[in-house]
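Chemist: The structure follows.
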Amino acid sequence: MDGSSGPTPEALTAMPQALAGVRICDFCGQLAGAGATRWLAAFGAEVIRIEDPVRQGRWDILRGIGPFVDERRGIEFGGGYNNHNVEKLGITINLRTERGKELLAEIVRQSDCVTENFAAGVLERLGFGYERLKALRPDIIYVSNCGFGQVGPYAAFKTWGPIVQAVSGLSFASGLPGQPPAGWGYSYMDHTGGYYMAMAILLALIHRKRTGEGQWVDLACTESALTLHGPALLDWSVNGRPTRREGQPHSNRNEWPPMAPHGVYASAGEDAWVAIACRGEADWRRLAAVIDTPWTDDMTFASLAGRLANQDALDAHLSAWTAARDKFEVQRLLREAGVPCSAVQTPQERVDQDPDTEGLWPLVTHTAMGEVRVDGLPARFSATPWTMTRGAPCLGEHNEAVFGRLLGLSPAEVAELQAEGVI
Amino acid sequence: MTAPEKSALAGFRVIELANERIAFAGKLLADMGADVILVEPPGGDPARRYPPFLDDVPGPERSLWWWHYNTSKRGVTLDLERNEDRAQFKELVTTADILLESEPRGRLAALGLDYHDLRAARPELIFVSMTPYGRGGSDAPAVDLTLLAGGGPAWSCGYDDHTLPPVRGGGGQSYHTGCHFAAMSALTALFWRLTSGEGQFIDVSMHQAQNVTTEAASYSWLVAQQTVQRQTGRHAAAVPTGETQMRCQDGRWVNTGVPPRSPADYGAILGWVRELALEADFPEAIFLEMGANLEKPLTYDRIGVDDEATAIFMAGREALALIAANVSAYDYFIGCQRRGVAVGVIYSPEEAFEDEHFKARGFQVAVEHEDLARTFRYPGAPYRLTASPWRISRRAPKLGEHNAELLRQPAKTG
């Protein structure tokens with residue numbers, strides 16, 4: 001099946017949505033939480049994002065920070081917030097008020113899931129811990145996502161993506177010898193914690209559909225992260241070999257399976273780099289044929305064992321070859337020869353010039369910001385495609401619609417609640 | 001011990017065509033109770049030969065890479081180039097809910113085993129194809145390194161010193177990211193099938209999966225045409241930011257993620273400086289005191305503009321550096337966190353695995369290898385579903401281990 005020609009926009013809107021009818025009462029913010037419900041919303045779940053009117057939703061710091069589309073600033077203009085909350089509905093509830101708590105209780109009764117990524121225990125202190133949620137709706141699914149989970153010695157500890165990555169070994173495992181940890185230049189675990197949260201919600205929905213049973217899911221982002229080192233952890237628990245040892249990490253090289261050459265090499269131009277890997281002897285012979293200079297015939301490099309033992313010398317030769325060429329020229333030459341190779345692409349190159357990301361950046365309409373491109377999803381579904389057309393909600397943008405439809409409140413009653421500081 | 005029938009995916013069958021790229025997606029479903037049948041060629045999947053090996057002795061049943069990525073699966077061998085085996089494969093598919101594949105471009109179509117060929121006999125099949133650039137994309141060869149280089153992550157990872165190359169984050173993360181999307185896709189389609197009864201074809205691009213897993217790198221360009229630049233141990237940014245990694249007394253590293261800005265943080269840091277009897281060496285303590293008396297947290301727009309705010313902000317960072325120089329990385333981590341300051345110790349993976357928090361949560365799980373008469377500690381659950389829990393139901397399958405129970409006549413192996 002060829003995925004190159006997707007359905008037309010008109011056809012898309014006529015197609016069924018995989019998660020239509022699922023309602024999420026969503027407290028998720030930042031990226032670690034919002035990234036999870038973003039997936040669900042793109043497949044048609046009704047995600048009702050609840051924010052605090054008193055703090056103007058600023059618990060989610062992305063509401064007010066850049067990038068910005070233009071000179072306008074404030075809580076309706078955060079580019080990251082828009083990216084992570086497309087297709088969601090936005091309402092406000094002041095949970096310090098009794099009436100606000102009643103409104104939330106009613107929404108919980110009508111929801112399939114309650115999702116949040118507050119620090120451990122926050123929702124409980126607001127009066128909506130799992131026992132209460134279950135009392136409101138016996139088959140409710142409650143998914144909590146925080147750095148260290150709701151239980152355990154570090155449950156009260158605070159985290160951000162970089163801290164999750166530090167404690168789980170991910171930062172350590174990214175770096176060059178003789179240098180500090182390079183870590184991850186972004187919150188990889190906010191994304192990935194969100195993916196695990198989305199999987200957990202879907203698994204719980206499937207379980208409930210088949211058994212009628214709801215449940216609580218305790219997701220600790222550090223634990224999700226720790227599963228991403230499987231072979232290294234087994235090398236430790238089975239063989240007793242630590243990853244903290246001389247010469248490690250050297251994460252542009254590859255141990256499992258061993259490959260050489262395998263690295264990131266400077267190419268012509270400023271801060272321009274190209275990644276090259278030889279999976280085996282055939283790749284090496286293809287690479288040598290492209291380079292076609294005497295050093296590739298050096299018997300030292302004739303076997304994998306030889307190339308691994310002399311990898312610094314091999315890399316020096318290869319760097320001299322790449323340094324004289326444009327990174328995309330190297331990519332073209334080596335790909336044509338069948339050798340894994342990729343330019344280290346800049347954001348502009350990936351987003352605007354790479355045919356392999358076509359269709360990945362949908363244009364959504366945000367009420368305040370206007371039209372903005374966002375991250376799409378990397379999966380094409382033949383029957384139930386994802387859609388993203390509506391930008392993130394402005395603060396309380398859907399108060400009237402949601403309180404009206406779910407709770408039967410009139411626009412006048414909604415206005416009164418707003419005037420009273422309840423919403 | 002939870003009964004297996006309580007697993008979220010109990011009763012669903014998944015056929016996985018063995019390939020190093022897709023193995024993790026199969027594990028994600030298998031550990032949630034799906035009956036995952038791994039189909040290998042008679043000679044075995046090449047990943048069986050990946051180190052590290054049990055006791056460092058190579059062998060197709062000794063790869064720890066293989067062990068990890070294939071827990072809870074059963075395994076059969078089929079030579080899909082042979083008519084008889086293809087027929088067997090099709091029969092297996094008629095019993096399956098999900099098929100996972102990452103075969104070379106065009107191979108399944110040439111064998112008559114692509115989605116179009118299989119859906120007639122099994123309309124409810126969810127066919128998940130996950131390939132480096134998607135079915136409609138480039139057919140270039142790819143490995144983890146090149147996917148992370150082309151897809152965005154490498155651009156953002158590395159050091160302040162740009163004469164050093166961008167760095168690939170370790171652990172095979174591009175495959176993990178691809179597989180997360182493959183698993184989310186399979187579960188989404190499965191939920192829909194429970195209502196509609198219909199299957200579908202899903203085409204996951206690993207390259208695109210990396211592209212949407214770069215946090216601000218992609219959307220800074222999409223929104224504002226800004227280019228983030230890599231920095232040591234912290235977020236790549238369009239405008240350079242201060243360091244967040246520090247080396248402690250024992251030579252090990254910690255990361256503060258973001259520097260302290262709240263009055264409570266400054267008060268706690270001041271208290272700690274005093275506890276360690278470092279105040280005499282730290283004249284800037286006065287600014288910590290001012291920070292502790294702030295009415296609200298410092299905002300970034302005042303730092304570097306307002307003298308007092310800048311002095312407080314700098315004093316907070318310098319006090320933490322001073323403390324770090326006097327305690328171990330672990331003590332620094334615990335000391336900060338107990339005072340409400342968000343900090344992480346930079347653990348190696350095995351140090352995290354042995355940490356008391358993860359042990360107390362039961363992260364280490366015992367997996368029996370009855371064939372070796374040994375039990376090994378494996379990494380445990382990525383999430384804790386209380387009613388339908390994650391669970392490793394068995395060790396990885398040996399080559400052709402389940403041919404007799406799953407195939408009409410055992411295929412020849414070797």
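Residue numbering restarts at 1 for every chain of the structure tokens, chains are lettered A, B, ... in their displayed order, and ligands are numbered from 1 as they appear.
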Need to verify the contact set: range 309-326 of chain B, 9 Å, only C-alpha atoms, exclusion of same-chain residues closer than 2 positions in sequence. Can you return it as a compact mmCIF listing (two decimals) with N, CA and C atoms, in the first residue's frame?

Modeler:
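File written: part03.txt
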```txt
# COMPACT_ATOMS: atom_id res chain seq x y z
N MET B 246 26.00 20.54 36.88
CA MET B 246 27.12 20.86 37.78
C MET B 246 27.80 19.57 38.20
N ARG B 247 29.12 19.72 38.44
CA ARG B 247 29.88 18.58 38.90
C ARG B 247 30.00 18.69 40.42
N CYS B 248 29.75 17.61 41.11
CA CYS B 248 29.75 17.64 42.57
C CYS B 248 31.11 17.19 43.12
N GLN B 249 31.18 17.16 44.46
CA GLN B 249 32.44 16.86 45.13
C GLN B 249 33.02 15.51 44.69
N ASP B 250 32.15 14.55 44.43
CA ASP B 250 32.62 13.21 44.05
C ASP B 250 32.88 13.08 42.55
N VAL B 254 25.11 16.57 38.34
CA VAL B 254 23.68 16.76 38.62
C VAL B 254 23.14 17.77 37.60
N PRO B 259 17.16 27.00 36.87
CA PRO B 259 17.69 27.58 38.10
C PRO B 259 16.56 28.04 39.03
N PRO B 260 16.82 28.09 40.33
CA PRO B 260 15.77 28.49 41.28
C PRO B 260 15.37 29.95 41.08
N ARG B 261 14.06 30.20 41.30
CA ARG B 261 13.55 31.57 41.15
C ARG B 261 12.52 31.93 42.23
N ASP B 265 12.56 28.60 47.42
CA ASP B 265 13.84 28.02 46.98
C ASP B 265 15.00 28.76 47.63
N TYR B 266 14.95 30.10 47.58
CA TYR B 266 16.07 30.88 48.12
C TYR B 266 16.21 30.68 49.63
N ILE B 269 17.78 27.24 50.18
CA ILE B 269 19.20 27.21 49.80
C ILE B 269 20.03 27.91 50.88
N LEU B 270 19.52 29.03 51.37
CA LEU B 270 20.23 29.76 52.43
C LEU B 270 20.38 28.87 53.67
N TRP B 272 20.54 25.72 53.81
CA TRP B 272 21.50 24.65 53.56
C TRP B 272 22.94 25.19 53.62
N VAL B 273 23.14 26.36 53.06
CA VAL B 273 24.47 27.00 53.13
C VAL B 273 24.89 27.12 54.60
N LEU B 276 25.77 23.68 56.23
CA LEU B 276 27.10 23.20 55.82
C LEU B 276 28.21 24.13 56.29
N LEU B 278 28.92 27.15 55.40
CA LEU B 278 29.58 27.77 54.25
C LEU B 278 29.29 29.26 54.15
N PHE B 282 30.71 32.83 51.74
CA PHE B 282 29.74 33.18 50.70
C PHE B 282 29.07 34.51 51.01
N GLU B 284 27.64 36.50 49.18
CA GLU B 284 26.39 36.75 48.45
C GLU B 284 25.16 36.21 49.19
N ALA B 285 25.39 35.61 50.37
CA ALA B 285 24.27 35.06 51.13
C ALA B 285 23.20 36.12 51.39
N ILE B 286 23.63 37.35 51.45
CA ILE B 286 22.69 38.45 51.68
C ILE B 286 21.62 38.49 50.58
N PHE B 287 22.04 38.17 49.35
CA PHE B 287 21.07 38.18 48.25
C PHE B 287 20.09 37.01 48.35
N LEU B 288 20.58 35.90 48.93
CA LEU B 288 19.66 34.78 49.15
C LEU B 288 18.58 35.19 50.14
N GLU B 289 19.02 35.93 51.14
CA GLU B 289 18.07 36.39 52.13
C GLU B 289 17.02 37.31 51.48
N MET B 290 17.52 38.18 50.60
CA MET B 290 16.58 39.05 49.87
C MET B 290 15.65 38.21 49.00
N GLY B 291 16.21 37.16 48.40
CA GLY B 291 15.39 36.27 47.56
C GLY B 291 14.32 35.59 48.38
N LEU B 298 10.92 35.29 40.93
CA LEU B 298 11.53 36.14 39.92
C LEU B 298 11.01 35.72 38.55
N THR B 299 10.80 36.69 37.72
CA THR B 299 10.44 36.35 36.34
C THR B 299 11.64 36.62 35.44
N ARG B 302 12.96 40.08 34.26
CA ARG B 302 13.66 41.02 35.15
C ARG B 302 15.15 40.68 35.27
N ILE B 303 15.47 39.41 35.02
CA ILE B 303 16.86 38.99 35.21
C ILE B 303 17.72 39.57 34.09
N GLY B 304 18.81 40.23 34.51
CA GLY B 304 19.66 40.88 33.52
C GLY B 304 19.23 42.31 33.25
N VAL B 305 18.08 42.71 33.77
CA VAL B 305 17.57 44.07 33.57
C VAL B 305 17.57 44.81 34.91
N ASP B 306 16.93 44.17 35.88
CA ASP B 306 16.80 44.75 37.21
C ASP B 306 17.99 44.26 38.07
N ASP B 307 18.75 45.16 38.66
CA ASP B 307 19.97 44.80 39.40
C ASP B 307 19.70 43.85 40.55
N SER B 328 28.36 15.10 47.74
CA SER B 328 28.32 14.17 46.60
C SER B 328 27.10 14.47 45.73
N ALA B 329 27.12 13.98 44.51
CA ALA B 329 25.99 14.23 43.59
C ALA B 329 24.69 13.66 44.17
N ASP B 331 23.97 13.14 47.38
CA ASP B 331 23.54 13.97 48.52
C ASP B 331 22.99 15.31 48.06
N TYR B 332 23.56 15.82 47.00
CA TYR B 332 23.08 17.09 46.46
C TYR B 332 21.64 16.94 45.95
```

Chemist: Restricting the calculation to only C-alpha atoms: of A:Ile24, A:Leu202, A:Leu89, A:Ala316, which residue gets closest to chain B?

Modeler: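 That would be A:Leu202, the residue with the smallest distance to chain B.
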
Chemist: Pick out the residues sitting within 8 Å of range 380-384 of chain B, and hand them over as an mmCIF file with C-alpha atoms, in the first residue's frame; count only C-alpha atoms, and ignore anything fewer than 5 positions along from it in its own chain.

Modeler:
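After the write, around-v2.cif holds the following:
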```
data_model
loop_
_atom_site.group_PDB
_atom_site.id
_atom_site.type_symbol
_atom_site.label_atom_id
_atom_site.label_comp_id
_atom_site.auth_asym_id
_atom_site.auth_seq_id
_atom_site.Cartn_x
_atom_site.Cartn_y
_atom_site.Cartn_z
ATOM 1 C CA TYR A 196 3.196 6.169 27.564
ATOM 2 C CA MET A 197 0.311 8.101 29.066
ATOM 3 C CA ALA A 200 -2.084 3.755 29.273
ATOM 4 C CA VAL A 217 -3.018 4.170 36.328
ATOM 5 C CA ASP A 218 0.043 5.468 38.169
ATOM 6 C CA LEU A 219 2.576 6.588 35.617
ATOM 7 C CA ALA A 220 6.029 7.614 36.829
ATOM 8 C CA CYS A 221 7.859 9.318 34.009
ATOM 9 C CA GLU A 223 10.132 4.642 35.293
ATOM 10 C CA SER A 224 8.918 4.900 31.709
ATOM 11 C CA ALA A 225 12.349 6.338 30.929
ATOM 12 C CA LEU A 226 14.199 3.559 32.709
ATOM 13 C CA THR A 227 12.571 0.959 30.444
ATOM 14 C CA GLY B 362 8.912 -2.926 42.332
ATOM 15 C CA PHE B 363 10.532 -1.825 39.089
ATOM 16 C CA GLN B 364 12.908 -4.779 39.064
ATOM 17 C CA VAL B 365 11.043 -7.906 38.012
ATOM 18 C CA PRO B 389 -1.425 -4.732 34.933
ATOM 19 C CA TRP B 390 1.743 -4.875 32.877
ATOM 20 C CA ARG B 391 3.493 -8.183 33.262
#
```

Chemist: From the list A:Ile107, A:Leu318, A:Leu308, A:Ala120, which residue is nearest Gly404 in chain A when using only C-alpha atoms?

Modeler: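 For Gly404 in chain A, the nearest of the candidates is A:Ile107.
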
Chemist: Nearest residue to Ala18 in chain A out of A:Gly90, A:Pro385, A:Pro257, A:Pro242, using only C-alpha atoms?

Modeler: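 With only C-alpha atoms as the atom set, the closest residue is A:Pro385.
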
Chemist: Any idea what's packed within 12 Å of His207 in chain A, counting only C-alpha atoms, ignoring anything in its chain fewer than 6 positions away? Could you give it as a VMD selection string?

Modeler: (chain A and resid 139 to 141 200 to 201 213 to 215) or (chain B and resid 5 to 12 32 to 33 187 190 to 191 194 385 to 389)

Chemist: Distance CA of Gly376 in chain A-CA of Trp155 in chain B, one decimal place?

Modeler: 19.7 Å

Chemist: Quote the spacing between CA of Thr232 in chain B and CA of Val351 in chain A in Å to one decimal place.

Modeler: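 Atom-to-atom, CA of Thr232 in chain B to CA of Val351 in chain A, that is 24.3 Å.
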
Chemist: Using only C-alpha atoms, pick whichever of B:Arg252, B:Arg122, B:Lys90, B:Arg13 has the shortest atom-to-atom distance to Pro180 in chain A.

Modeler: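 With only C-alpha atoms as the atom set, the closest residue is B:Arg252.
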
Chemist: For Asn310 in chain A, which of A:Ala260, A:Ala419, A:Ile93, A:Val47 is the closest residue, counting only C-alpha atoms?

Modeler: A:Ala260

Chemist: Between A:Arg210, A:Arg325, A:Lys158, A:His317, which one has atoms that come closest to chain B, using only C-alpha atoms?

Modeler: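 Among the listed residues, A:Lys158 lies closest to chain B.
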
Chemist: Expressed in Å to a single decimal, how great is the separation between CA of Glu351 in chain B and CA of Phe376 in chain B?

Modeler: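 Result for CA of Glu351 in chain B versus CA of Phe376 in chain B: 17.1 Å, one decimal.
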